[in-house]
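Participant: Okay, so here is coords-v3.cif, and as you'll see once you scroll down, it has mmCIF, C-alpha atoms.
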data_model
#
loop_
_atom_site.label_atom_id
_atom_site.label_comp_id
_atom_site.auth_asym_id
_atom_site.auth_seq_id
_atom_site.Cartn_x
_atom_site.Cartn_y
_atom_site.Cartn_z
CA MET R 937 91.97 210.09 207.18
CA LYS R 938 88.21 210.22 207.67
CA LEU R 939 85.63 210.78 204.92
CA ILE R 940 81.83 210.77 204.84
CA CYS R 941 80.16 210.26 201.44
CA THR R 942 76.87 208.91 200.17
CA LYS R 943 76.89 205.33 198.87
CA SER R 944 75.57 206.50 195.46
CA GLU R 945 78.39 209.04 195.04
CA LEU R 946 81.04 206.48 196.05
CA PHE R 947 79.52 203.93 193.69
CA ARG R 948 79.66 206.41 190.77
CA ALA R 949 83.26 207.39 191.52
CA VAL R 950 84.50 203.83 191.99
CA ASN R 951 82.84 202.67 188.75
CA THR R 952 84.40 205.60 186.90
CA VAL R 953 88.02 205.02 187.98
CA LEU R 954 87.74 201.21 187.96
CA LYS R 955 87.91 201.41 184.15
CA ALA R 956 91.62 202.32 184.47
CA VAL R 957 92.54 199.62 187.00
CA PRO R 958 94.41 196.75 185.28
CA SER R 959 93.02 193.23 185.65
CA LYS R 960 96.54 191.74 185.56
CA THR R 961 99.70 193.52 186.64
CA THR R 962 103.00 192.72 188.34
CA MET R 963 102.71 196.02 190.30
CA THR R 964 100.21 195.35 193.09
CA ILE R 965 99.87 199.09 193.82
CA LEU R 966 98.21 199.51 190.40
CA GLU R 967 95.48 197.08 191.51
CA CYS R 968 94.42 199.84 193.91
CA ILE R 969 92.23 202.91 193.77
CA LEU R 970 93.99 205.94 195.23
CA ILE R 971 91.81 207.94 197.64
CA ASP R 972 93.38 211.37 198.03
CA ALA R 973 91.80 213.71 200.57
CA SER R 974 95.00 215.67 201.30
CA THR R 975 93.50 218.94 199.92
CA ASN R 976 89.96 220.34 200.04
CA ASP R 977 88.75 217.80 197.44
CA ILE R 978 88.29 214.05 197.65
CA LYS R 979 89.85 212.50 194.55
CA PHE R 980 89.67 208.87 193.42
CA THR R 981 92.27 207.70 190.85
CA GLY R 982 92.84 204.54 188.84
CA ASN R 983 95.94 204.16 186.65
CA ASP R 984 97.28 201.30 184.53
CA MET R 985 100.17 203.42 183.15
CA GLU R 986 98.53 203.62 179.70
CA LEU R 987 95.17 204.99 180.84
CA GLY R 988 94.53 207.01 183.99
CA ILE R 989 91.19 208.27 185.36
CA GLU R 990 90.68 210.73 188.21
CA THR R 991 87.31 211.94 189.49
CA ILE R 992 86.29 214.32 192.27
CA VAL R 993 83.97 212.77 194.86
CA LYS R 994 81.36 214.84 196.69
CA GLY R 995 81.61 214.34 200.42
CA GLU R 996 82.89 215.65 203.73
CA ILE R 997 86.54 215.48 204.79
CA ALA R 998 86.56 215.08 208.59
CA GLU R 999 90.29 214.31 208.59
CA LYS R 1000 92.70 214.75 205.68
CA GLY R 1001 94.82 211.90 204.33
CA VAL R 1002 95.74 209.58 201.45
CA ILE R 1003 95.27 205.82 201.11
CA ALA R 1004 95.39 203.21 198.33
CA LEU R 1005 92.80 200.42 198.56
CA ASN R 1006 92.51 197.22 196.54
CA ALA R 1007 90.07 198.21 193.78
CA LYS R 1008 88.28 194.85 193.50
CA ILE R 1009 87.61 194.46 197.23
CA PHE R 1010 86.74 198.15 197.76
CA SER R 1011 84.35 198.29 194.79
CA GLU R 1012 82.57 195.08 195.87
CA ILE R 1013 82.13 196.42 199.42
CA ILE R 1014 80.72 199.75 198.18
CA ARG R 1015 78.39 197.97 195.74
CA LYS R 1016 76.85 195.82 198.49
CA LEU R 1017 76.48 198.48 201.19
CA PRO R 1018 73.04 199.87 202.13
CA ASP R 1019 71.95 203.12 200.41
CA ASN R 1020 73.12 205.52 203.08
CA ASP R 1021 76.10 207.61 204.21
CA VAL R 1022 79.41 205.73 204.25
CA VAL R 1023 82.31 206.58 206.58
CA ILE R 1024 85.83 205.68 205.41
CA GLU R 1025 88.58 205.91 208.06
CA SER R 1026 92.22 204.86 207.90
CA ASP R 1027 94.84 204.83 210.63
CA GLY R 1028 98.63 205.23 210.56
CA ASN R 1029 99.09 201.54 209.67
CA TYR R 1030 96.87 201.93 206.57
CA THR R 1031 94.12 199.74 208.07
CA THR R 1032 90.90 201.13 206.67
CA THR R 1033 87.44 200.89 208.22
CA ILE R 1034 84.36 201.27 206.03
CA THR R 1035 81.13 201.77 207.96
CA CYS R 1036 77.56 202.11 206.70
CA GLU R 1037 74.58 201.71 209.04
CA LYS R 1038 75.34 198.46 210.94
CA ALA R 1039 77.83 197.12 208.40
CA ARG R 1040 81.51 197.52 209.25
CA PHE R 1041 84.49 196.32 207.19
CA ASN R 1042 88.20 196.44 208.07
CA ILE R 1043 90.58 196.08 205.12
CA ALA R 1044 94.32 196.55 204.66
CA GLY R 1045 95.38 199.55 202.61
CA LYS R 1046 98.69 200.67 201.14
CA SER R 1047 100.63 203.93 201.30
CA GLY R 1048 99.31 206.43 198.78
CA ASP R 1049 102.89 207.62 198.22
CA ASP R 1050 103.64 204.42 196.27
CA PHE R 1051 100.80 205.01 193.80
CA THR R 1052 101.78 206.23 190.33
CA LYS R 1053 100.22 209.66 189.87
CA LEU R 1054 98.70 210.70 186.56
CA PRO R 1055 101.12 212.48 184.20
CA TYR R 1056 100.95 216.26 184.29
CA ILE R 1057 99.41 217.65 181.10
CA GLU R 1058 100.15 221.20 179.93
CA LYS R 1059 96.76 222.68 179.09
CA GLU R 1060 97.76 224.56 175.96
CA ASP R 1061 96.38 222.88 172.83
CA SER R 1062 92.73 222.12 173.52
CA LEU R 1063 89.41 221.83 171.78
CA SER R 1064 85.85 221.79 173.12
CA LEU R 1065 82.84 219.88 171.92
CA SER R 1066 79.62 218.60 173.44
CA GLN R 1067 79.66 215.29 175.29
CA PHE R 1068 76.81 214.15 173.06
CA THR R 1069 78.91 214.76 169.91
CA LEU R 1070 82.03 213.01 171.22
CA LYS R 1071 80.06 210.01 172.49
CA GLU R 1072 78.24 209.73 169.15
CA VAL R 1073 81.44 210.03 167.09
CA ILE R 1074 83.13 207.29 169.12
CA GLN R 1075 80.13 204.97 168.79
CA GLN R 1076 79.98 205.61 165.04
CA THR R 1077 83.62 204.59 164.44
CA ILE R 1078 84.89 202.36 167.29
CA PHE R 1079 83.53 199.12 165.77
CA SER R 1080 86.03 199.16 162.92
CA ILE R 1081 89.23 199.29 164.94
CA SER R 1082 91.27 196.09 164.87
CA ASP R 1083 91.62 193.81 167.89
CA ASN R 1084 94.68 192.27 166.27
CA ASP R 1085 97.93 193.19 168.05
CA SER R 1086 100.03 192.98 164.88
CA ASN R 1087 99.48 196.65 164.03
CA LYS R 1088 99.14 199.05 166.95
CA LEU R 1089 97.88 201.90 164.77
CA MET R 1090 94.85 199.82 163.79
CA ALA R 1091 94.00 199.47 167.50
CA GLY R 1092 93.47 203.23 167.72
CA GLU R 1093 91.55 206.02 166.03
CA LEU R 1094 92.97 208.99 164.20
CA PHE R 1095 91.84 212.36 165.62
CA GLU R 1096 92.74 215.02 163.07
CA VAL R 1097 91.85 218.68 163.45
CA THR R 1098 92.16 221.07 160.50
CA ASN R 1099 90.82 224.60 161.07
CA ASN R 1100 87.27 224.07 162.33
CA GLU R 1101 86.87 220.39 161.38
CA LEU R 1102 87.52 217.29 163.45
CA LYS R 1103 87.97 214.08 161.48
CA VAL R 1104 87.90 210.73 163.30
CA VAL R 1105 89.06 207.63 161.43
CA SER R 1106 89.25 203.92 162.30
CA LEU R 1107 90.13 200.89 160.17
CA ASP R 1108 90.86 197.19 160.52
CA GLY R 1109 92.08 196.16 157.06
CA HIS R 1110 88.59 195.20 155.80
CA ARG R 1111 86.76 198.49 156.32
CA ILE R 1112 87.23 202.16 157.16
CA SER R 1113 84.93 204.38 159.22
CA ILE R 1114 85.20 208.17 158.98
CA ARG R 1115 83.22 210.85 160.82
CA LYS R 1116 83.70 214.58 160.31
CA ILE R 1117 82.48 217.17 162.80
CA LEU R 1118 82.34 220.94 162.38
CA LEU R 1119 83.76 222.66 165.47
CA LYS R 1120 82.50 225.97 166.85
CA GLU R 1121 85.80 227.71 166.15
CA PRO R 1122 89.04 227.11 164.21
CA TYR R 1123 91.98 225.40 165.93
CA GLY R 1124 95.60 224.72 165.07
CA ASN R 1125 96.37 221.51 163.21
CA ILE R 1126 96.33 218.40 165.42
CA LYS R 1127 96.95 214.81 164.33
CA VAL R 1128 97.06 212.07 166.97
CA VAL R 1129 96.13 208.38 167.28
CA VAL R 1130 94.09 207.61 170.42
CA PRO R 1131 93.87 203.99 171.69
CA GLY R 1132 90.49 202.36 171.08
CA LYS R 1133 90.40 201.15 174.72
CA THR R 1134 90.62 204.76 175.93
CA LEU R 1135 87.82 205.91 173.62
CA SER R 1136 85.63 202.99 174.59
CA GLU R 1137 86.01 203.81 178.32
CA VAL R 1138 85.52 207.56 177.76
CA SER R 1139 82.33 206.83 175.84
CA LYS R 1140 80.98 204.83 178.81
CA ILE R 1141 81.66 207.65 181.29
CA LEU R 1142 80.35 210.57 179.18
CA SER R 1143 76.87 211.66 180.21
CA GLY R 1144 76.10 212.40 176.56
CA GLY R 1145 74.36 215.73 177.23
CA ASN R 1146 74.16 218.23 174.38
CA GLU R 1147 74.78 221.12 176.77
CA ASP R 1148 77.56 219.32 178.67
CA GLU R 1149 81.02 220.09 177.39
CA VAL R 1150 84.15 217.98 177.16
CA LYS R 1151 87.59 219.51 176.71
CA LEU R 1152 90.40 217.70 174.92
CA PHE R 1153 94.04 218.65 175.57
CA PHE R 1154 96.93 217.28 173.53
CA THR R 1155 100.65 216.86 174.16
CA GLY R 1156 103.28 214.95 172.19
CA ASN R 1157 102.55 211.70 174.06
CA HIS R 1158 99.20 212.12 175.82
CA ILE R 1159 95.58 213.17 175.41
CA LEU R 1160 93.50 214.50 178.31
CA PHE R 1161 89.69 214.48 178.40
CA GLU R 1162 88.11 216.77 181.02
CA PHE R 1163 84.39 216.67 181.87
CA ASN R 1164 82.02 216.40 184.85
CA GLU R 1165 84.77 216.74 187.52
CA THR R 1166 86.56 213.82 185.81
CA LYS R 1167 89.91 213.62 184.02
CA VAL R 1168 90.90 210.83 181.66
CA VAL R 1169 94.57 210.79 180.62
CA SER R 1170 95.83 208.37 178.00
CA ARG R 1171 99.02 207.66 176.18
CA LEU R 1172 98.79 208.17 172.43
CA ILE R 1173 99.79 205.52 169.91
CA GLU R 1174 103.04 206.48 168.23
CA GLY R 1175 103.58 206.29 164.51
CA GLU R 1176 102.37 207.74 161.21
CA TYR R 1177 98.71 206.88 160.57
CA PHE R 1178 97.66 205.33 157.26
CA LYS R 1179 97.20 207.60 154.26
CA ILE R 1180 93.43 207.35 154.18
CA ASP R 1181 92.85 209.81 151.34
CA GLN R 1182 94.62 207.46 148.91
CA MET R 1183 92.06 204.77 149.74
CA LEU R 1184 89.04 206.96 149.11
CA SER R 1185 87.66 207.38 145.62
CA SER R 1186 84.74 209.34 144.18
CA ASP R 1187 84.56 207.07 141.10
CA TYR R 1188 81.61 204.71 140.83
CA GLU R 1189 79.86 202.58 138.23
CA THR R 1190 76.71 201.93 140.30
CA LYS R 1191 74.95 204.25 142.71
CA LEU R 1192 71.91 203.23 144.69
CA THR R 1193 69.61 204.85 147.23
CA ILE R 1194 67.84 202.60 149.70
CA ASN R 1195 65.76 202.74 152.88
CA LYS R 1196 68.30 202.14 155.64
CA LYS R 1197 65.98 200.42 158.10
CA GLU R 1198 64.63 198.02 155.46
CA PHE R 1199 68.16 197.15 154.31
CA LEU R 1200 69.42 196.64 157.90
CA ASN R 1201 66.43 194.49 158.90
CA CYS R 1202 66.85 192.33 155.82
CA ILE R 1203 70.56 191.63 156.53
CA ASP R 1204 69.73 191.04 160.19
CA ARG R 1205 67.17 188.38 159.20
CA ALA R 1206 69.66 186.74 156.85
CA THR R 1207 72.25 186.34 159.63
CA LEU R 1208 69.84 184.06 161.54
CA LEU R 1209 71.11 181.27 159.28
CA ILE R 1210 74.79 181.82 160.10
CA ARG R 1211 76.28 179.79 162.93
CA GLU R 1212 78.81 181.44 165.22
CA GLY R 1213 82.27 181.43 163.67
CA GLU R 1214 80.89 180.60 160.21
CA LYS R 1215 81.96 182.99 157.45
CA LYS R 1216 79.16 183.21 154.92
CA PRO R 1217 78.83 186.21 152.61
CA ILE R 1218 75.57 187.93 151.83
CA ILE R 1219 75.29 188.11 148.04
CA ILE R 1220 73.65 191.23 146.65
CA THR R 1221 72.33 191.42 143.09
CA ILE R 1222 71.55 194.97 141.96
CA LYS R 1223 69.21 195.62 139.04
CA ASP R 1224 66.99 198.55 138.02
CA GLY R 1225 64.63 199.39 140.89
CA ASP R 1226 65.37 196.17 142.73
CA MET R 1227 68.02 194.58 144.90
CA GLU R 1228 68.08 190.90 145.83
CA LEU R 1229 69.87 189.71 148.97
CA LYS R 1230 70.78 186.04 149.23
CA ILE R 1231 72.49 183.95 151.88
CA GLN R 1232 73.21 180.23 151.97
CA SER R 1233 74.62 178.27 154.89
CA ALA R 1234 74.63 174.78 156.38
CA VAL R 1235 71.42 175.70 158.22
CA GLY R 1236 69.47 176.82 155.13
CA SER R 1237 69.06 179.65 152.67
CA MET R 1238 67.19 182.92 152.43
CA ASN R 1239 66.56 185.48 149.75
CA GLU R 1240 64.68 188.77 149.86
CA ASN R 1241 64.09 191.65 147.48
CA ILE R 1242 64.16 195.36 148.36
CA ASP R 1243 63.10 198.37 146.28
CA ILE R 1244 65.94 200.72 145.40
CA THR R 1245 66.70 203.71 143.19
CA LYS R 1246 69.64 202.84 140.95
CA GLU R 1247 71.95 204.74 138.63
CA GLY R 1248 74.54 202.97 136.47
CA LYS R 1249 75.35 199.32 135.89
CA ASP R 1250 73.80 196.11 137.23
CA LEU R 1251 76.08 194.38 139.71
CA MET R 1252 76.50 191.22 141.79
CA ILE R 1253 78.68 191.58 144.89
CA GLY R 1254 79.29 189.77 148.20
CA PHE R 1255 79.92 191.21 151.69
CA ASN R 1256 80.54 190.07 155.22
CA PRO R 1257 77.05 190.81 156.63
CA LYS R 1258 78.46 191.90 160.01
CA PHE R 1259 80.41 194.75 158.39
CA LEU R 1260 77.27 196.09 156.71
CA ILE R 1261 75.25 195.76 159.94
CA ASP R 1262 77.90 197.61 162.02
CA ALA R 1263 77.86 200.60 159.66
CA LEU R 1264 74.08 200.71 159.10
CA ARG R 1265 73.32 200.59 162.84
CA VAL R 1266 75.15 203.86 163.52
CA ILE R 1267 73.84 205.85 160.53
CA GLU R 1268 70.85 207.95 161.50
CA ASP R 1269 69.68 208.89 157.98
CA GLU R 1270 66.41 207.36 156.82
CA GLU R 1271 67.76 206.85 153.32
CA ILE R 1272 71.36 206.00 152.48
CA THR R 1273 73.40 206.19 149.29
CA ILE R 1274 75.81 203.41 148.33
CA PHE R 1275 78.50 203.78 145.67
CA LEU R 1276 80.00 200.71 143.97
CA VAL R 1277 82.53 200.09 141.17
CA ASN R 1278 82.79 196.32 140.62
CA PRO R 1279 82.60 193.03 142.62
CA LYS R 1280 86.24 193.38 143.76
CA ALA R 1281 86.33 197.09 144.67
CA PRO R 1282 85.17 198.52 148.00
CA CYS R 1283 81.72 200.00 148.41
CA PHE R 1284 81.21 203.44 149.97
CA ILE R 1285 78.25 204.43 152.10
CA LYS R 1286 78.29 208.20 152.53
CA ASP R 1287 76.07 211.27 152.71
CA LYS R 1288 76.25 214.33 150.43
CA GLU R 1289 78.34 216.37 152.87
CA GLU R 1290 80.59 213.37 153.58
CA SER R 1291 80.05 213.90 157.31
CA TYR R 1292 80.24 210.10 157.43
CA ILE R 1293 81.99 207.68 155.07
CA TYR R 1294 81.98 203.91 155.52
CA LEU R 1295 84.24 201.93 153.18
CA ILE R 1296 83.68 198.16 153.13
CA LEU R 1297 85.70 195.65 151.13
CA PRO R 1298 83.70 192.94 149.32
CA VAL R 1299 84.36 189.22 149.74
CA ASN R 1300 84.93 186.64 147.03
CA PHE R 1301 82.03 184.31 146.37
CA SER R 1302 81.10 181.73 143.79
CA ALA R 1303 78.31 183.06 141.56
CA ALA R 1304 76.89 179.54 141.61
#
What is this structure when it is put down as structure tokens?
Facilitator:
Amino acid sequence: MKLICTKSELFRAVNTVLKAVPSKTTMTILECILIDASTNDIKFTGNDMELGIETIVKGEIAEKGVIALNAKIFSEIIRKLPDNDVVIESDGNYTTTITCEKARFNIAGKSGDDFTKLPYIEKEDSLSLSQFTLKEVIQQTIFSISDNDSNKLMAGELFEVTNNELKVVSLDGHRISIRKILLKEPYGNIKVVVPGKTLSEVSKILSGGNEDEVKLFFTGNHILFEFNETKVVSRLIEGEYFKIDQMLSSDYETKLTINKKEFLNCIDRATLLIREGEKKPIIITIKDGDMELKIQSAVGSMNENIDITKEGKDLMIGFNPKFLIDALRVIEDEEITIFLVNPKAPCFIKDKEESYIYLILPVNFSAA
């Protein structure tokens, strides 16, 4: 095999597929990137058996062939090469030579036949949306998946399609994030749970262009994302997702409208007094036209007042400040509306159309 590619193109491709190479595995072949130039395309693939990424690399095939190279060593070599054309050659013994200008590396490769290929996905059920939209939706929900292994479903996000609406849901037991997107056309009903790790890696690879499209294909066990000459295949999380609608309520005793940036900045300032690992609630007292935020820790205390528009009852309630910050950071509206019932019931931050809903459970605090 002999390939000639630019360093920048190799660097892009390696960084793309590296996201699917496992850091620890008993199968050494999975620590490799597969370079497949057996057809008219050069394809790089990484696969950890749960997540697989394949991308097409622009370059010249002087001699066809397939080789698997250790991902860590290969990526480090490519990263440190000069910015010029790179020649990759491998012989019958899988020894691979990488040459760029005066630099020349010889590394041992493995047979490409031993590499686990990506599962074949029937391209029947699919939906299209812009890369910008998918990237945004992931960023606006991914923070509230659980990193606790006790419940696999909480480590993923629900993707539910009904007619021309895509609903994406994540939760971790303390909060729920929901985003709804109107699609360009109606689709059949789809309901799958996609691992958070997959979505996080897809979000990093997406260019985020409004004109650039991404196609999603679904099977019983897998989801396939196709965009920019790249394929990302992931196993789905099995099981029945939580009945979210039962957790959502339109009842409220207190409704307030507030400037989002002012609210976010205030909570951000308050967290300066919280040491890492310390769990201190921010206590919010809501009265007519005014909201007071208070925090007290071993370091000191802070309180600040913000103007609000309020309907309904006065209320005193405590929250984990991080949960409020996570939701506020991804909302783009200048003003937000918050719905509350009592100090023990969740608060809802949502817009009129309910294109986003953030449910956050309060925390117990001593009024003293």
Participant: Go through stretch 1052-1112 of chain R and flag each residue having an atom no more than 9 Å from stretch 1262-1275 of chain R; for those, report the closest pair of atoms plus their distance in Å to one decimal, using all atoms listed in the file, ordered by chain and rising number, as JSON lines.
Facilitator:
{"residue": "R:Glu1072", "atom": "CA", "partner": "R:Val1266", "partner_atom": "CA", "distance": 8.7}
{"residue": "R:Gln1075", "atom": "CA", "partner": "R:Val1266", "partner_atom": "CA", "distance": 7.3}
{"residue": "R:Gln1076", "atom": "CA", "partner": "R:Val1266", "partner_atom": "CA", "distance": 5.4}
{"residue": "R:Thr1077", "atom": "CA", "partner": "R:Ala1263", "partner_atom": "CA", "distance": 8.5}
{"residue": "R:Phe1079", "atom": "CA", "partner": "R:Asp1262", "partner_atom": "CA", "distance": 6.9}
{"residue": "R:Ser1080", "atom": "CA", "partner": "R:Asp1262", "partner_atom": "CA", "distance": 8.3}
Participant: Write the selection just made, keeping C-alpha atoms, as a PDB file, in the coordinates of the input?
Facilitator:
ATOM      1  CA  GLU R1072      78.240 209.730 169.150  1.00  0.00           C
ATOM      2  CA  GLN R1075      80.130 204.970 168.790  1.00  0.00           C
ATOM      3  CA  GLN R1076      79.980 205.610 165.040  1.00  0.00           C
ATOM      4  CA  THR R1077      83.620 204.590 164.440  1.00  0.00           C
ATOM      5  CA  PHE R1079      83.530 199.120 165.770  1.00  0.00           C
ATOM      6  CA  SER R1080      86.030 199.160 162.920  1.00  0.00           C
TER       7      SER R1080
END
Participant: Can you work out which one of R:Glu945, R:Glu1165, R:Glu1012, R:Asp1108 has the shortest atom-to-atom distance to R:Phe1259, counting all atoms listed in the file?
Facilitator: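 Nearest to R:Phe1259: R:Asp1108.
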Participant: Between R:Ile1220, R:Cys1036, R:Ile1180, R:Ala949, single out the one closest to R:Lys1103, counting all atoms listed in the file.
Facilitator: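 Nearest candidate to R:Lys1103 out of R:Ile1220, R:Cys1036, R:Ile1180, R:Ala949: R:Ile1180.
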Participant: Out of R:Phe1095, R:Glu1025, R:Lys1053, R:Glu1147, which residue has the shortest atom-to-atom distance to R:Arg1040 when counting all atoms listed in the file?
Facilitator: R:Glu1025
Participant: Mind checking which residues fall within 12 Å of R:Phe1178, counting all atoms listed in the file, ignoring those fewer than 4 positions away in the same chain, and posting them as a list of chain:residue names?
Facilitator: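 In the requested format, the answer is R:Asn1087, R:Lys1088, R:Leu1089, R:Met1090, R:Gly1092, R:Glu1093, R:Leu1094, R:Val1105, R:Ser1106, R:Leu1107, R:Asp1108, R:Gly1109, R:Ile1112, R:Lys1127, R:Val1128, R:Val1129, R:Gln1182, R:Met1183, R:Leu1184.
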Participant: Rounded to one decimal in Å, what is the spacing between atom CA of R:Ile1126 and atom CA of R:Thr1098?
Facilitator: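 Distance between the two atoms: 7.0 Å.
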Participant: Distance atom CA of R:Arg1111-atom CA of R:Tyr1292, one decimal place?
Facilitator: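 Computing it gives 13.4 Å between the two atoms.
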Participant: So that I can see what lies close to R:Thr1032, please list as a list of chain:residue names the residues with an atom at most 9 Å from it, counting all atoms listed in the file and leaving out residues fewer than 5 positions away in the same chain.
Facilitator: R:Ile1003, R:Leu1005, R:Ile1024, R:Glu1025, R:Ser1026, R:Asp1027, R:Phe1041, R:Asn1042, R:Ile1043, R:Ala1044, R:Gly1045
Participant: One number please: atom CA of R:Asn1146 to atom CA of R:Leu1160, in Å, one decimal.
Facilitator: 20.1 Å
Participant: For the file shown, report as a list in words the outcome of the PyMOL selection byres ((chain R and resi 1132) around 6) at residue level.
Facilitator: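 The output of the PyMOL selection byres ((chain R and resi 1132) around 6) on this file is Ala1091, Gly1092, Pro1131, Lys1133, Thr1134 and Leu1135 of chain R.
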Participant: What does the file look like for those residues with C-alpha atoms, as a PDB file, keeping the file's coordinate frame?
Facilitator:
ATOM      1  CA  ALA R1091      94.000 199.470 167.500  1.00  0.00           C
ATOM      2  CA  GLY R1092      93.470 203.230 167.720  1.00  0.00           C
ATOM      3  CA  PRO R1131      93.870 203.990 171.690  1.00  0.00           C
ATOM      4  CA  LYS R1133      90.400 201.150 174.720  1.00  0.00           C
ATOM      5  CA  THR R1134      90.620 204.760 175.930  1.00  0.00           C
ATOM      6  CA  LEU R1135      87.820 205.910 173.620  1.00  0.00           C
TER       7      LEU R1135
END
Participant: Taking the file as shown, find all residues satisfying the PyMOL selection byres ((chain R and resi 1228) around 7) and write them as a ChimeraX atom specification.
Facilitator: /R:1220-1222,1226-1227,1229-1230,1239-1242
Participant: I'd like to see the residues matched by the PyMOL selection byres ((chain R and resi 1137) around 10) on this file, and ideally I'd get them as a PyMOL selection string.
Facilitator: chain R and resi 952-953+955-956+987+989+1132-1136+1138-1142+1168
Participant: Please dump the current selection as a compact mmCIF listing (two decimals), in the coordinates of the input; keep C-alpha atoms.
Facilitator:
# COMPACT_ATOMS: atom_id res chain seq x y z
CA THR R 952 84.40 205.60 186.90
CA VAL R 953 88.02 205.02 187.98
CA LYS R 955 87.91 201.41 184.15
CA ALA R 956 91.62 202.32 184.47
CA LEU R 987 95.17 204.99 180.84
CA ILE R 989 91.19 208.27 185.36
CA GLY R 1132 90.49 202.36 171.08
CA LYS R 1133 90.40 201.15 174.72
CA THR R 1134 90.62 204.76 175.93
CA LEU R 1135 87.82 205.91 173.62
CA SER R 1136 85.63 202.99 174.59
CA VAL R 1138 85.52 207.56 177.76
CA SER R 1139 82.33 206.83 175.84
CA LYS R 1140 80.98 204.83 178.81
CA ILE R 1141 81.66 207.65 181.29
CA LEU R 1142 80.35 210.57 179.18
CA VAL R 1168 90.90 210.83 181.66
Participant: With all atoms listed in the file counted, which protein, DNA or RNA residues have an atom no more than 12 Å from (96.8, 200.8, 197.0) in the file frame? Please answer as an mmCIF file with C-alpha atoms, in the coordinates of the input.
Facilitator:
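Result written to selection.cif:
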data_model
loop_
_atom_site.group_PDB
_atom_site.id
_atom_site.type_symbol
_atom_site.label_atom_id
_atom_site.label_comp_id
_atom_site.auth_asym_id
_atom_site.auth_seq_id
_atom_site.Cartn_x
_atom_site.Cartn_y
_atom_site.Cartn_z
ATOM 1 C CA VAL R 957 92.540 199.620 187.000
ATOM 2 C CA MET R 963 102.710 196.020 190.300
ATOM 3 C CA THR R 964 100.210 195.350 193.090
ATOM 4 C CA ILE R 965 99.870 199.090 193.820
ATOM 5 C CA LEU R 966 98.210 199.510 190.400
ATOM 6 C CA GLU R 967 95.480 197.080 191.510
ATOM 7 C CA CYS R 968 94.420 199.840 193.910
ATOM 8 C CA ILE R 969 92.230 202.910 193.770
ATOM 9 C CA LEU R 970 93.990 205.940 195.230
ATOM 10 C CA ILE R 971 91.810 207.940 197.640
ATOM 11 C CA ASP R 972 93.380 211.370 198.030
ATOM 12 C CA PHE R 980 89.670 208.870 193.420
ATOM 13 C CA THR R 981 92.270 207.700 190.850
ATOM 14 C CA GLY R 982 92.840 204.540 188.840
ATOM 15 C CA ASN R 983 95.940 204.160 186.650
ATOM 16 C CA VAL R 1002 95.740 209.580 201.450
ATOM 17 C CA ILE R 1003 95.270 205.820 201.110
ATOM 18 C CA ALA R 1004 95.390 203.210 198.330
ATOM 19 C CA LEU R 1005 92.800 200.420 198.560
ATOM 20 C CA ASN R 1006 92.510 197.220 196.540
ATOM 21 C CA ALA R 1007 90.070 198.210 193.780
ATOM 22 C CA LYS R 1008 88.280 194.850 193.500
ATOM 23 C CA ILE R 1009 87.610 194.460 197.230
ATOM 24 C CA PHE R 1010 86.740 198.150 197.760
ATOM 25 C CA TYR R 1030 96.870 201.930 206.570
ATOM 26 C CA THR R 1031 94.120 199.740 208.070
ATOM 27 C CA THR R 1032 90.900 201.130 206.670
ATOM 28 C CA ILE R 1043 90.580 196.080 205.120
ATOM 29 C CA ALA R 1044 94.320 196.550 204.660
ATOM 30 C CA GLY R 1045 95.380 199.550 202.610
ATOM 31 C CA LYS R 1046 98.690 200.670 201.140
ATOM 32 C CA SER R 1047 100.630 203.930 201.300
ATOM 33 C CA GLY R 1048 99.310 206.430 198.780
ATOM 34 C CA ASP R 1049 102.890 207.620 198.220
ATOM 35 C CA ASP R 1050 103.640 204.420 196.270
ATOM 36 C CA PHE R 1051 100.800 205.010 193.800
ATOM 37 C CA THR R 1052 101.780 206.230 190.330
ATOM 38 C CA LYS R 1053 100.220 209.660 189.870
#
Participant: Set the distance at 9 Å and use only C-alpha atoms: which residues neighbour R:Val1073 once local chain neighbours fewer than 6 positions away are removed? I'd like the list as a list in words.
Facilitator: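 In the requested format, the answer is Val1104, Arg1115, Lys1116 and Ile1117 of chain R.
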Participant: For the selection just defined, write its residues with C-alpha atoms to a file, as a CSV table (one decimal), in the frame of the given file.
Facilitator:
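Result went into again37.csv, see below:
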chain,number,residue,atom,x,y,z
R,1104,VAL,CA,87.9,210.7,163.3
R,1115,ARG,CA,83.2,210.8,160.8
R,1116,LYS,CA,83.7,214.6,160.3
R,1117,ILE,CA,82.5,217.2,162.8
Participant: Which residues come within 8 Å of R:Gly1225, counting all atoms listed in the file, excluding same-chain residues fewer than 6 positions away, as a ChimeraX atom specification?
Facilitator: /R:1243-1246
Participant: Name the closest residue to R:Ser1186 among the candidates R:Lys960, R:Lys1286, R:Lys994, R:Lys1249; distances are taken between atoms, counting all atoms listed in the file.
Facilitator: R:Lys1286
Participant: Closest to R:Ile1203 among R:Ile978, R:Ile1261, R:Leu939, R:Ile992, using all atoms listed in the file?
Facilitator: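 Distance minimum relative to R:Ile1203 lands on R:Ile1261.
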Participant: Which residue out of R:Lys979, R:Leu1260, R:Leu1172, R:Asn1164 has the minimum interatomic distance to R:Lys1196 when only C-alpha atoms are used?
Facilitator: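 Looking at the shortest contact to R:Lys1196, the residue is R:Leu1260.
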